[in-house]
file upload_25.cif (mmCIF, C-alpha atoms)
data_target
#
loop_
_atom_site.label_atom_id
_atom_site.label_comp_id
_atom_site.auth_asym_id
_atom_site.auth_seq_id
_atom_site.Cartn_x
_atom_site.Cartn_y
_atom_site.Cartn_z
CA MET A 224 2.36 -5.77 19.73
CA GLY A 225 2.82 -3.65 16.58
CA LEU A 226 0.66 -3.66 13.50
CA VAL A 227 3.53 -4.65 11.20
CA THR A 228 5.03 -8.09 10.66
CA GLU A 229 8.19 -8.40 8.58
CA PHE A 230 9.53 -11.51 6.89
CA ARG A 231 12.77 -11.70 4.89
CA THR A 232 14.19 -14.89 3.51
CA LYS A 233 17.71 -13.44 3.55
CA ASP A 234 17.62 -13.82 7.34
CA LEU A 235 17.40 -17.61 6.92
CA PRO A 236 19.81 -20.30 5.71
CA VAL A 237 19.71 -20.62 1.92
CA THR A 238 18.25 -24.11 2.03
CA GLU A 239 15.30 -22.98 4.18
CA ARG A 240 14.34 -19.84 2.27
CA PHE A 241 11.87 -21.19 -0.27
CA GLY A 242 10.12 -23.57 2.12
CA SER A 243 9.79 -20.85 4.75
CA TRP A 244 8.29 -18.44 2.21
CA HIS A 245 5.83 -21.10 1.09
CA ASP A 246 4.75 -21.77 4.67
CA MET A 247 4.57 -18.07 5.56
CA THR A 248 2.27 -17.19 2.65
CA ALA A 249 0.01 -20.16 3.42
CA ARG A 250 -0.26 -19.07 7.04
CA ALA A 251 -0.35 -15.27 6.75
CA LEU A 252 -2.07 -14.87 3.37
CA ILE A 253 -3.87 -17.87 1.86
CA PRO A 254 -2.96 -21.58 1.41
CA ASN A 255 -1.62 -22.15 -2.10
CA THR A 256 1.06 -24.15 -3.88
CA ILE A 257 4.12 -22.27 -5.12
CA ARG A 258 6.77 -23.31 -7.64
CA SER A 259 9.75 -21.23 -8.75
CA ASP A 260 12.92 -21.52 -10.81
CA HIS A 261 14.62 -19.70 -7.93
CA GLU A 262 13.91 -22.27 -5.22
CA ALA A 263 17.62 -22.98 -4.67
CA ASP A 264 18.10 -19.47 -3.28
CA PHE A 265 14.72 -17.78 -2.92
CA ARG A 266 15.15 -14.12 -2.00
CA ALA A 267 11.90 -12.48 -1.02
CA SER A 268 10.41 -10.18 1.60
CA ALA A 269 7.02 -9.31 3.02
CA HIS A 270 5.90 -6.37 5.16
CA MET A 271 2.39 -7.07 6.43
CA LEU A 272 0.23 -4.38 7.99
CA ASN A 273 -2.59 -5.92 10.03
CA LEU A 274 -5.54 -3.53 10.43
CA GLY A 275 -7.89 -6.03 12.03
CA GLY A 276 -10.15 -7.47 9.36
CA VAL A 277 -8.01 -5.93 6.62
CA GLN A 278 -4.40 -6.83 5.85
CA VAL A 279 -2.19 -4.78 3.52
CA SER A 280 1.14 -6.31 2.51
CA THR A 281 4.08 -5.17 0.44
CA LEU A 282 5.55 -8.24 -1.25
CA VAL A 283 8.83 -8.58 -3.16
CA TYR A 284 9.77 -11.93 -4.72
CA PRO A 285 11.36 -13.53 -7.79
CA SER A 286 9.39 -15.07 -10.65
CA LEU A 287 7.09 -17.87 -9.50
CA GLU A 288 3.98 -19.90 -10.27
CA THR A 289 1.09 -20.37 -7.86
CA ARG A 290 -2.02 -22.54 -7.69
CA ARG A 291 -5.00 -22.63 -5.36
CA SER A 292 -6.92 -25.85 -5.86
CA VAL A 293 -10.48 -26.95 -5.11
CA ARG A 294 -9.08 -29.24 -2.44
CA MET A 295 -7.33 -26.34 -0.69
CA ILE A 296 -10.51 -24.28 -0.80
CA ARG A 297 -12.46 -27.10 0.83
CA ARG A 298 -9.89 -27.26 3.63
CA SER A 299 -9.64 -23.51 4.12
CA ASP A 300 -12.05 -20.96 2.68
CA PRO A 301 -12.01 -17.65 4.59
CA GLY A 302 -14.45 -16.12 2.11
CA SER A 303 -12.17 -13.25 1.25
CA TYR A 304 -10.86 -11.24 -1.67
CA GLN A 305 -7.30 -10.37 -2.52
CA LEU A 306 -6.56 -7.22 -4.48
CA MET A 307 -3.09 -6.93 -6.01
CA LEU A 308 -1.57 -3.64 -7.12
CA THR A 309 1.48 -4.45 -9.26
CA LEU A 310 4.39 -2.05 -8.79
CA ARG A 311 7.12 -3.93 -10.66
CA GLY A 312 7.07 -6.95 -12.95
CA GLY A 313 3.83 -8.53 -14.06
CA HIS A 314 1.10 -10.97 -13.06
CA ARG A 315 -0.97 -13.42 -15.07
CA LEU A 316 -4.11 -14.96 -13.54
CA LEU A 317 -6.39 -17.78 -14.69
CA GLN A 318 -9.60 -17.75 -12.67
CA ALA A 319 -13.32 -18.14 -13.38
CA GLY A 320 -12.63 -18.92 -17.03
CA LEU A 321 -10.62 -15.73 -17.60
CA ASP A 322 -6.95 -15.37 -18.54
CA THR A 323 -5.69 -11.92 -17.56
CA THR A 324 -2.26 -10.29 -17.61
CA GLY A 325 -1.34 -7.07 -15.82
CA GLY A 326 1.82 -4.99 -15.45
CA PRO A 327 3.05 -2.09 -13.31
CA GLY A 328 0.18 0.17 -12.28
CA ASP A 329 -2.49 -2.45 -12.90
CA VAL A 330 -4.86 -3.87 -10.28
CA MET A 331 -6.41 -7.36 -10.18
CA LEU A 332 -9.03 -8.87 -7.88
CA TYR A 333 -8.71 -12.51 -6.75
CA ASP A 334 -11.54 -14.54 -5.21
CA THR A 335 -10.05 -16.92 -2.62
CA SER A 336 -13.17 -19.12 -2.84
CA ARG A 337 -12.41 -20.02 -6.46
CA PRO A 338 -9.47 -22.02 -7.82
CA TRP A 339 -6.75 -20.07 -9.57
CA HIS A 340 -3.55 -20.60 -11.49
CA GLY A 341 -1.20 -17.67 -11.55
CA TRP A 342 2.25 -16.56 -12.62
CA ALA A 343 4.41 -13.63 -11.53
CA GLY A 344 7.42 -12.68 -13.61
CA ALA A 345 10.11 -10.05 -13.83
CA GLY A 346 12.88 -11.66 -15.87
CA GLN A 347 16.02 -11.72 -13.74
CA GLY A 348 14.67 -9.10 -11.35
CA THR A 349 11.93 -9.22 -8.73
CA VAL A 350 8.21 -8.72 -8.71
CA GLU A 351 6.82 -6.13 -6.31
CA GLY A 352 3.26 -5.39 -5.38
CA VAL A 353 0.85 -4.32 -2.65
CA LEU A 354 -1.66 -7.01 -1.71
CA VAL A 355 -4.86 -6.18 0.19
CA GLN A 356 -6.76 -9.10 1.74
CA PHE A 357 -10.19 -8.55 3.27
CA PRO A 358 -13.37 -10.56 4.04
CA ARG A 359 -15.96 -10.49 1.28
CA ALA A 360 -18.62 -9.61 3.88
CA LEU A 361 -16.96 -6.25 4.64
CA LEU A 362 -17.47 -4.97 1.11
CA PRO A 363 -20.92 -3.33 0.74
CA LEU A 364 -21.31 -4.34 -2.91
CA PRO A 365 -23.43 -7.13 -4.46
CA ALA A 366 -21.40 -10.36 -4.66
CA ASP A 367 -22.91 -11.31 -8.03
CA LYS A 368 -21.76 -8.03 -9.52
CA LEU A 369 -18.27 -8.30 -8.02
CA ASP A 370 -17.89 -11.62 -9.86
CA ARG A 371 -17.66 -9.53 -13.03
CA LEU A 372 -14.44 -7.93 -11.76
CA THR A 373 -12.66 -11.12 -10.68
CA ALA A 374 -9.52 -11.75 -12.74
CA VAL A 375 -10.01 -8.55 -14.75
CA ARG A 376 -7.21 -6.04 -15.34
CA LEU A 377 -8.23 -2.75 -13.72
CA PRO A 378 -6.30 0.51 -14.28
CA GLY A 379 -4.50 1.91 -11.27
CA ARG A 380 -2.96 5.01 -12.84
CA GLU A 381 -6.00 7.15 -13.58
CA GLY A 382 -9.10 8.42 -11.82
CA VAL A 383 -10.14 6.54 -8.71
CA GLY A 384 -7.49 3.91 -9.48
CA ALA A 385 -4.73 6.50 -9.10
CA VAL A 386 -6.18 7.59 -5.76
CA LEU A 387 -6.29 3.98 -4.53
CA SER A 388 -2.75 3.25 -5.77
CA GLY A 389 -1.33 6.36 -4.15
CA TYR A 390 -3.12 5.63 -0.91
CA LEU A 391 -1.91 2.00 -0.74
CA THR A 392 1.72 2.84 -1.46
CA GLN A 393 1.71 5.64 1.13
CA LEU A 394 -0.12 3.45 3.65
CA THR A 395 2.53 0.73 3.47
CA ALA A 396 5.46 3.17 3.30
CA SER A 397 4.45 4.67 6.66
CA ALA A 398 3.35 1.39 8.27
CA THR A 399 5.79 1.48 11.20
CA ALA A 400 4.47 4.88 12.35
CA TYR A 401 0.95 3.66 13.11
CA THR A 402 -0.32 2.81 16.57
CA ALA A 403 -2.83 0.14 17.56
CA GLY A 404 -5.47 2.86 17.81
CA ASP A 405 -4.95 3.76 14.15
CA GLY A 406 -5.81 0.27 12.93
CA ALA A 407 -9.61 0.50 12.89
CA HIS A 408 -9.62 3.95 11.28
CA LEU A 409 -7.17 2.88 8.57
CA ALA A 410 -9.21 -0.26 7.90
CA THR A 411 -12.30 1.89 7.36
CA CYS A 412 -10.45 4.26 5.00
CA THR A 413 -9.03 1.32 3.06
CA LEU A 414 -12.41 -0.37 2.65
CA ASP A 415 -14.04 2.92 1.64
CA LEU A 416 -11.51 3.45 -1.14
CA LEU A 417 -11.72 -0.17 -2.27
CA THR A 418 -15.51 0.16 -2.40
CA ALA A 419 -15.33 3.38 -4.41
CA PHE A 420 -12.78 1.89 -6.81
CA LEU A 421 -14.71 -1.33 -7.45
CA ALA A 422 -18.07 0.46 -7.60
CA HIS A 423 -16.65 2.80 -10.22
CA HIS A 424 -15.82 -0.16 -12.45
CA LEU A 425 -19.20 -1.73 -11.75
CA ASP A 426 -20.98 1.58 -12.31
CA ALA A 427 -22.72 0.77 -9.05
CA GLY A 428 -22.26 4.06 -7.23
CA ALA A 429 -25.82 3.94 -5.94
CA SER A 430 -25.04 0.78 -3.94
CA VAL A 431 -22.17 2.44 -2.05
CA PRO A 432 -23.18 3.65 1.44
CA PRO A 433 -23.31 7.49 1.49
CA GLN A 434 -20.68 7.81 4.23
CA ALA A 435 -18.26 5.53 2.41
CA HIS A 436 -18.76 7.48 -0.81
CA ARG A 437 -18.29 10.78 1.05
CA ARG A 438 -15.02 9.68 2.69
CA ALA A 439 -13.67 8.26 -0.57
CA LEU A 440 -14.52 11.46 -2.45
CA LEU A 441 -12.84 13.56 0.25
CA LEU A 442 -9.66 11.47 -0.06
CA GLU A 443 -9.77 11.82 -3.85
CA ILE A 444 -10.18 15.60 -3.62
CA ARG A 445 -7.34 15.95 -1.14
CA GLY A 446 -5.13 13.93 -3.46
CA PHE A 447 -6.10 16.21 -6.36
CA ILE A 448 -5.27 19.30 -4.31
CA GLU A 449 -1.89 17.85 -3.31
CA ARG A 450 -0.98 17.22 -6.95
CA HIS A 451 -1.95 20.75 -8.08
CA LEU A 452 -0.61 22.92 -5.26
CA GLY A 453 1.88 24.57 -7.61
CA ASP A 454 -0.90 25.82 -9.87
CA PRO A 455 -1.73 29.44 -8.94
CA GLY A 456 -5.21 28.88 -10.38
CA LEU A 457 -6.04 26.15 -7.89
CA SER A 458 -9.17 27.25 -6.01
CA PRO A 459 -12.35 25.77 -4.53
CA ALA A 460 -14.10 26.49 -7.84
CA SER A 461 -11.47 24.66 -9.92
CA VAL A 462 -11.48 21.71 -7.49
CA ALA A 463 -15.27 21.42 -7.70
CA ALA A 464 -15.20 21.62 -11.50
CA ALA A 465 -12.52 18.93 -11.74
CA HIS A 466 -14.71 16.55 -9.75
CA SER A 467 -17.99 17.44 -11.48
CA ILE A 468 -19.65 18.63 -8.29
CA SER A 469 -21.08 22.00 -7.34
CA LEU A 470 -19.12 24.47 -5.23
CA ARG A 471 -21.84 24.15 -2.60
CA SER A 472 -21.39 20.36 -2.46
CA LEU A 473 -17.64 20.79 -2.12
CA HIS A 474 -18.01 23.15 0.85
CA ARG A 475 -20.53 20.75 2.41
CA LEU A 476 -17.98 17.94 2.06
CA PHE A 477 -15.48 19.95 4.12
CA GLN A 478 -17.93 21.26 6.72
CA ASP A 479 -16.97 18.54 9.25
CA GLN A 480 -13.24 19.07 8.67
CA GLU A 481 -10.99 21.36 10.68
CA LEU A 482 -10.31 23.55 7.63
CA THR A 483 -12.38 24.88 4.74
CA VAL A 484 -11.37 23.98 1.18
CA ALA A 485 -9.47 27.24 0.75
CA GLY A 486 -7.94 26.79 4.21
CA TRP A 487 -6.77 23.28 3.31
CA ILE A 488 -5.16 24.51 0.06
CA ARG A 489 -3.39 27.35 1.90
CA ALA A 490 -2.22 25.08 4.74
CA ARG A 491 -0.78 22.48 2.36
CA ARG A 492 1.01 25.16 0.32
CA LEU A 493 2.48 26.71 3.45
CA GLU A 494 3.64 23.34 4.74
CA HIS A 495 5.48 22.61 1.48
CA CYS A 496 7.06 26.04 1.59
CA ARG A 497 8.13 25.48 5.18
CA ARG A 498 9.80 22.19 4.22
CA ASP A 499 11.60 23.77 1.28
CA LEU A 500 12.88 26.64 3.45
CA THR A 501 14.50 24.11 5.80
CA ASP A 502 16.02 22.06 2.97
CA PRO A 503 19.77 22.82 2.76
CA LEU A 504 19.78 21.85 -0.93
CA LEU A 505 17.41 24.76 -1.60
CA SER A 506 19.15 27.34 0.58
CA SER A 507 20.20 29.43 -2.43
CA ARG A 508 16.67 29.62 -3.83
CA PRO A 509 15.07 33.02 -3.05
CA VAL A 510 12.12 32.98 -0.68
CA HIS A 511 9.79 34.38 -3.33
CA ALA A 512 10.80 31.54 -5.69
CA VAL A 513 10.00 28.96 -3.03
CA ALA A 514 6.60 30.58 -2.57
CA ALA A 515 5.92 30.75 -6.31
CA ALA A 516 6.75 27.05 -6.72
CA TRP A 517 3.79 26.26 -4.45
CA GLY A 518 1.26 28.66 -5.96
CA PHE A 519 1.88 31.90 -4.04
CA THR A 520 2.13 34.65 -6.66
CA ASP A 521 2.15 37.63 -4.25
CA PRO A 522 5.29 37.71 -2.04
CA SER A 523 3.70 40.09 0.48
CA HIS A 524 0.62 37.90 0.85
CA PHE A 525 2.84 34.83 1.26
CA SER A 526 4.95 36.53 3.93
CA ARG A 527 1.87 37.51 5.95
CA ALA A 528 0.31 34.05 5.63
CA PHE A 529 3.57 32.33 6.60
CA ARG A 530 4.06 34.57 9.64
CA ALA A 531 0.47 33.95 10.75
CA ALA A 532 1.00 30.19 10.50
CA TYR A 533 4.52 29.82 11.96
CA GLY A 534 5.06 32.97 14.03
CA VAL A 535 8.01 34.41 12.07
CA PRO A 536 8.60 35.71 8.53
CA PRO A 537 9.79 33.07 6.04
CA GLY A 538 13.30 34.53 5.77
CA ASP A 539 13.78 34.40 9.54
CA TYR A 540 12.39 30.85 9.64
CA ARG A 541 14.99 29.76 7.09
CA HIS A 542 17.74 31.50 9.08
CA GLN A 543 16.68 29.70 12.28
CA ALA A 544 16.85 26.37 10.47
CA HIS A 545 20.24 27.23 8.87
CA PRO A 546 22.01 29.96 10.90
CA SER A 547 24.68 30.29 8.19
CA THR A 548 22.00 31.57 5.80
CA ALA A 549 21.54 35.34 5.74
CA PRO A 550 18.02 36.35 6.83
#
call {"tool": "encode", "arguments": {"input": "upload_25.cif", "output": "structure tokens"}}
result
Amino acid sequence: MGLVTEFRTKDLPVTERFGSWHDMTARALIPNTIRSDHEADFRASAHMLNLGGVQVSTLVYPSLETRRSVRMIRRSDPGSYQLMLTLRGGHRLLQAGLDTTGGPGDVMLYDTSRPWHGWAGAGQGTVEGVLVQFPRALLPLPADKLDRLTAVRLPGREGVGAVLSGYLTQLTASATAYTAGDGAHLATCTLDLLTAFLAHHLDAGASVPPQAHRRALLLEIRGFIERHLGDPGLSPASVAAAHSISLRSLHRLFQDQELTVAGWIRARRLEHCRRDLTDPLLSSRPVHAVAAAWGFTDPSHFSRAFRAAYGVPPGDYRHQAHPSTAP
């Protein structure tokens, strides 16, 4: 059985769509009451990635209103959190005496053990978001401190929030490629990043287990490198400075990895160059221009590095991919 479950109301008769969505969310996510102005023809979809104790779902649905009552909590209280990353539309949440509104790029934390009243709206369009649901016990942060983040708008476009947002969108986009053996590892990565993100907003870094902090920092640094590959000045020193750590600490972070920091930068640049050389839309772009776009300023150095990595010079590699292209 795969890790992904898909649900689309368009596969059902029109009259059954809203009721089926209501039942599916109560069963697969959390029991709640839903009302919508689009109940007559409710068009929504869910792609749920089950990683064991952690579930990550991409949800698309029209404007709606939701409630989770005290009575529902008494009947079913899994003791979990839900974290919503809004991609399109907006969410408003009333919980724990707070009234919070968030839009695209914002993150909000829901406590399933507390009543809530929420709205999701996108005018005539649809709301889209990534929802992470996980047991409260799996988060190594003090519960009393986490209460301060419930129903609070948290930024998902800067700092650790940007790392978490990028990770969640990529995680769900590639969901069908994962095997059962990947589940536990991905759950650990997801919880590590969630812990780092929430701890950042609590200023509780000291309470994060060292290994979790180390893995989260490594993911953040790799994301930074990926975004700056085209900068010729990208180097271990600039990476360390951008993350306010010493060069020694940076090298120590990579000591258990297959590649050093410089090796990782070079490998990622070469991989992007390789992809561009096989792209027919870029066949007229000179090889040296492809290299320069990914931070290689010396054509001779690039040619040697590419040949060492892929066995042939870059021009020949392009010709093999597109025989009509002159080497």
call {"tool": "atom_distance", "arguments": {"input": "upload_25.cif", "atom1": "atom CA of A:Ala251", "atom2": "atom CA of A:Ala263"}}
result
22.6 Å
call {"tool": "atom_distance", "arguments": {"input": "upload_25.cif", "atom1": "atom CA of A:Ala403", "atom2": "atom CA of A:Val279"}}
result
14.9 Å
call {"tool": "residues_around", "arguments": {"input": "upload_25.cif", "residues": "stretch 343-348 of chain A", "least_positions_apart": "3", "cutoff": "6 Å", "atoms": "only C-alpha atoms", "output": "ChimeraX atom specification"}}
result
/A:286-287,312-314
call {"tool": "write_last_selection", "arguments": {"input": "upload_25.cif", "atoms": "C-alpha atoms", "output": "compact mmCIF listing (two decimals), keeping the file's coordinate frame"}}
result
# COMPACT_ATOMS: atom_id res chain seq x y z
CA SER A 286 9.39 -15.07 -10.65
CA LEU A 287 7.09 -17.87 -9.50
CA GLY A 312 7.07 -6.95 -12.95
CA GLY A 313 3.83 -8.53 -14.06
CA HIS A 314 1.10 -10.97 -13.06
call {"tool": "closest_residue", "arguments": {"input": "upload_25.cif", "among": "A:Glu239, A:Asp367, A:Glu494, A:Asp322", "to": "A:Glu449", "atoms": "all atoms listed in the file"}}
result
A:Glu494
call {"tool": "residues_around", "arguments": {"input": "upload_25.cif", "residues": "A:Leu282", "least_positions_apart": "6", "cutoff": "8 Å", "atoms": "all atoms listed in the file", "output": "PDB file with C-alpha atoms, in the frame of the given file"}}
result
ATOM      1  CA  ALA A 267      11.900 -12.480  -1.020  1.00  0.00           C
ATOM      2  CA  SER A 268      10.410 -10.180   1.600  1.00  0.00           C
ATOM      3  CA  ALA A 269       7.020  -9.310   3.020  1.00  0.00           C
ATOM      4  CA  HIS A 270       5.900  -6.370   5.160  1.00  0.00           C
ATOM      5  CA  VAL A 350       8.210  -8.720  -8.710  1.00  0.00           C
ATOM      6  CA  GLU A 351       6.820  -6.130  -6.310  1.00  0.00           C
ATOM      7  CA  GLY A 352       3.260  -5.390  -5.380  1.00  0.00           C
ATOM      8  CA  VAL A 353       0.850  -4.320  -2.650  1.00  0.00           C
ATOM      9  CA  LEU A 354      -1.660  -7.010  -1.710  1.00  0.00           C
TER      10      LEU A 354
END
call {"tool": "residues_around", "arguments": {"input": "upload_25.cif", "residues": "A:Ala398", "least_positions_apart": "2", "cutoff": "8 Å", "atoms": "all atoms listed in the file", "output": "CSV table (one decimal) with C-alpha atoms, in the frame of the given file"}}
result
chain,number,residue,atom,x,y,z
A,226,LEU,CA,0.7,-3.7,13.5
A,227,VAL,CA,3.5,-4.6,11.2
A,272,LEU,CA,0.2,-4.4,8.0
A,394,LEU,CA,-0.1,3.4,3.6
A,395,THR,CA,2.5,0.7,3.5
A,396,ALA,CA,5.5,3.2,3.3
A,400,ALA,CA,4.5,4.9,12.4
A,401,TYR,CA,1.0,3.7,13.1
call {"tool": "closest_atom_pairs", "arguments": {"input": "upload_25.cif", "of": "stretch 258-336 of chain A", "to": "stretch 414-423 of chain A", "cutoff": "12 Å", "atoms": "only C-alpha atoms", "output": "JSON lines"}}
result
{"residue": "A:Leu274", "atom": "CA", "partner": "A:Leu414", "partner_atom": "CA", "distance": 10.8}
{"residue": "A:Gly275", "atom": "CA", "partner": "A:Leu414", "partner_atom": "CA", "distance": 11.9}
{"residue": "A:Gly276", "atom": "CA", "partner": "A:Leu414", "partner_atom": "CA", "distance": 10.0}
{"residue": "A:Val277", "atom": "CA", "partner": "A:Leu414", "partner_atom": "CA", "distance": 8.1}
{"residue": "A:Gln278", "atom": "CA", "partner": "A:Leu414", "partner_atom": "CA", "distance": 10.8}
{"residue": "A:Val279", "atom": "CA", "partner": "A:Leu414", "partner_atom": "CA", "distance": 11.2}
{"residue": "A:Tyr304", "atom": "CA", "partner": "A:Leu417", "partner_atom": "CA", "distance": 11.1}
{"residue": "A:Gln305", "atom": "CA", "partner": "A:Leu417", "partner_atom": "CA", "distance": 11.1}
{"residue": "A:Leu306", "atom": "CA", "partner": "A:Leu417", "partner_atom": "CA", "distance": 9.0}
{"residue": "A:Met307", "atom": "CA", "partner": "A:Leu417", "partner_atom": "CA", "distance": 11.6}
{"residue": "A:Leu308", "atom": "CA", "partner": "A:Leu417", "partner_atom": "CA", "distance": 11.8}
{"residue": "A:Val330", "atom": "CA", "partner": "A:Phe420", "partner_atom": "CA", "distance": 10.4}
{"residue": "A:Met331", "atom": "CA", "partner": "A:Leu421", "partner_atom": "CA", "distance": 10.6}
{"residue": "A:Leu332", "atom": "CA", "partner": "A:Leu421", "partner_atom": "CA", "distance": 9.4}
call {"tool": "atom_distance", "arguments": {"input": "upload_25.cif", "atom1": "atom CA of A:Ile488", "atom2": "atom CA of A:His408"}}
result
23.8 Å
call {"tool": "residues_around", "arguments": {"input": "upload_25.cif", "residues": "A:His340", "least_positions_apart": "2", "cutoff": "10 Å", "atoms": "all atoms listed in the file", "output": "VMD selection string"}}
result
chain A and resid 255 to 256 288 to 292 315 to 318 322 338 342
call {"tool": "resolve_selection", "arguments": {"input": "upload_25.cif", "expression": "the PyMOL selection byres ((chain A and resi 329) around 8)", "output": "mmCIF file with C-alpha atoms, keeping the file's coordinate frame"}}
result
data_model
loop_
_atom_site.group_PDB
_atom_site.id
_atom_site.type_symbol
_atom_site.label_atom_id
_atom_site.label_comp_id
_atom_site.auth_asym_id
_atom_site.auth_seq_id
_atom_site.Cartn_x
_atom_site.Cartn_y
_atom_site.Cartn_z
ATOM 1 C CA LEU A 308 -1.570 -3.640 -7.120
ATOM 2 C CA THR A 309 1.480 -4.450 -9.260
ATOM 3 C CA GLY A 325 -1.340 -7.070 -15.820
ATOM 4 C CA GLY A 326 1.820 -4.990 -15.450
ATOM 5 C CA PRO A 327 3.050 -2.090 -13.310
ATOM 6 C CA GLY A 328 0.180 0.170 -12.280
ATOM 7 C CA VAL A 330 -4.860 -3.870 -10.280
ATOM 8 C CA MET A 331 -6.410 -7.360 -10.180
ATOM 9 C CA ARG A 376 -7.210 -6.040 -15.340
ATOM 10 C CA LEU A 377 -8.230 -2.750 -13.720
ATOM 11 C CA PRO A 378 -6.300 0.510 -14.280
ATOM 12 C CA GLY A 379 -4.500 1.910 -11.270
ATOM 13 C CA ARG A 380 -2.960 5.010 -12.840
#
call {"tool": "residues_around", "arguments": {"input": "upload_25.cif", "residues": "A:Gly456", "least_positions_apart": "3", "cutoff": "9 Å", "atoms": "only C-alpha atoms", "output": "PyMOL selection string"}}
result
chain A and resi 453+461+518
call {"tool": "closest_residue", "arguments": {"input": "upload_25.cif", "among": "A:Leu310, A:Arg371, A:Arg471, A:Ala463", "to": "A:Ser388", "atoms": "all atoms listed in the file"}}
result
A:Leu310
call {"tool": "closest_residue", "arguments": {"input": "upload_25.cif", "among": "A:Ser523, A:Pro285, A:Thr501, A:Gln393", "to": "A:Asp539", "atoms": "only C-alpha atoms"}}
result
A:Thr501
call {"tool": "closest_residue", "arguments": {"input": "upload_25.cif", "among": "A:Gly242, A:Gly406, A:Pro459, A:Gly302", "to": "A:Arg258", "atoms": "all atoms listed in the file"}}
result
A:Gly242
call {"tool": "closest_residue", "arguments": {"input": "upload_25.cif", "among": "A:Tyr533, A:Ser280, A:Ala465, A:Thr238", "to": "A:Ile448", "atoms": "all atoms listed in the file"}}
result
A:Ala465
call {"tool": "closest_residue", "arguments": {"input": "upload_25.cif", "among": "A:Asp300, A:His424, A:Phe357, A:Leu493", "to": "A:Thr411", "atoms": "all atoms listed in the file"}}
result
A:Phe357
call {"tool": "resolve_selection", "arguments": {"input": "upload_25.cif", "expression": "the PyMOL selection byres ((chain A and resi 485) around 10)", "output": "MDAnalysis selection string"}}
result
chainID A and resid 457:460 474 482:484 486:490
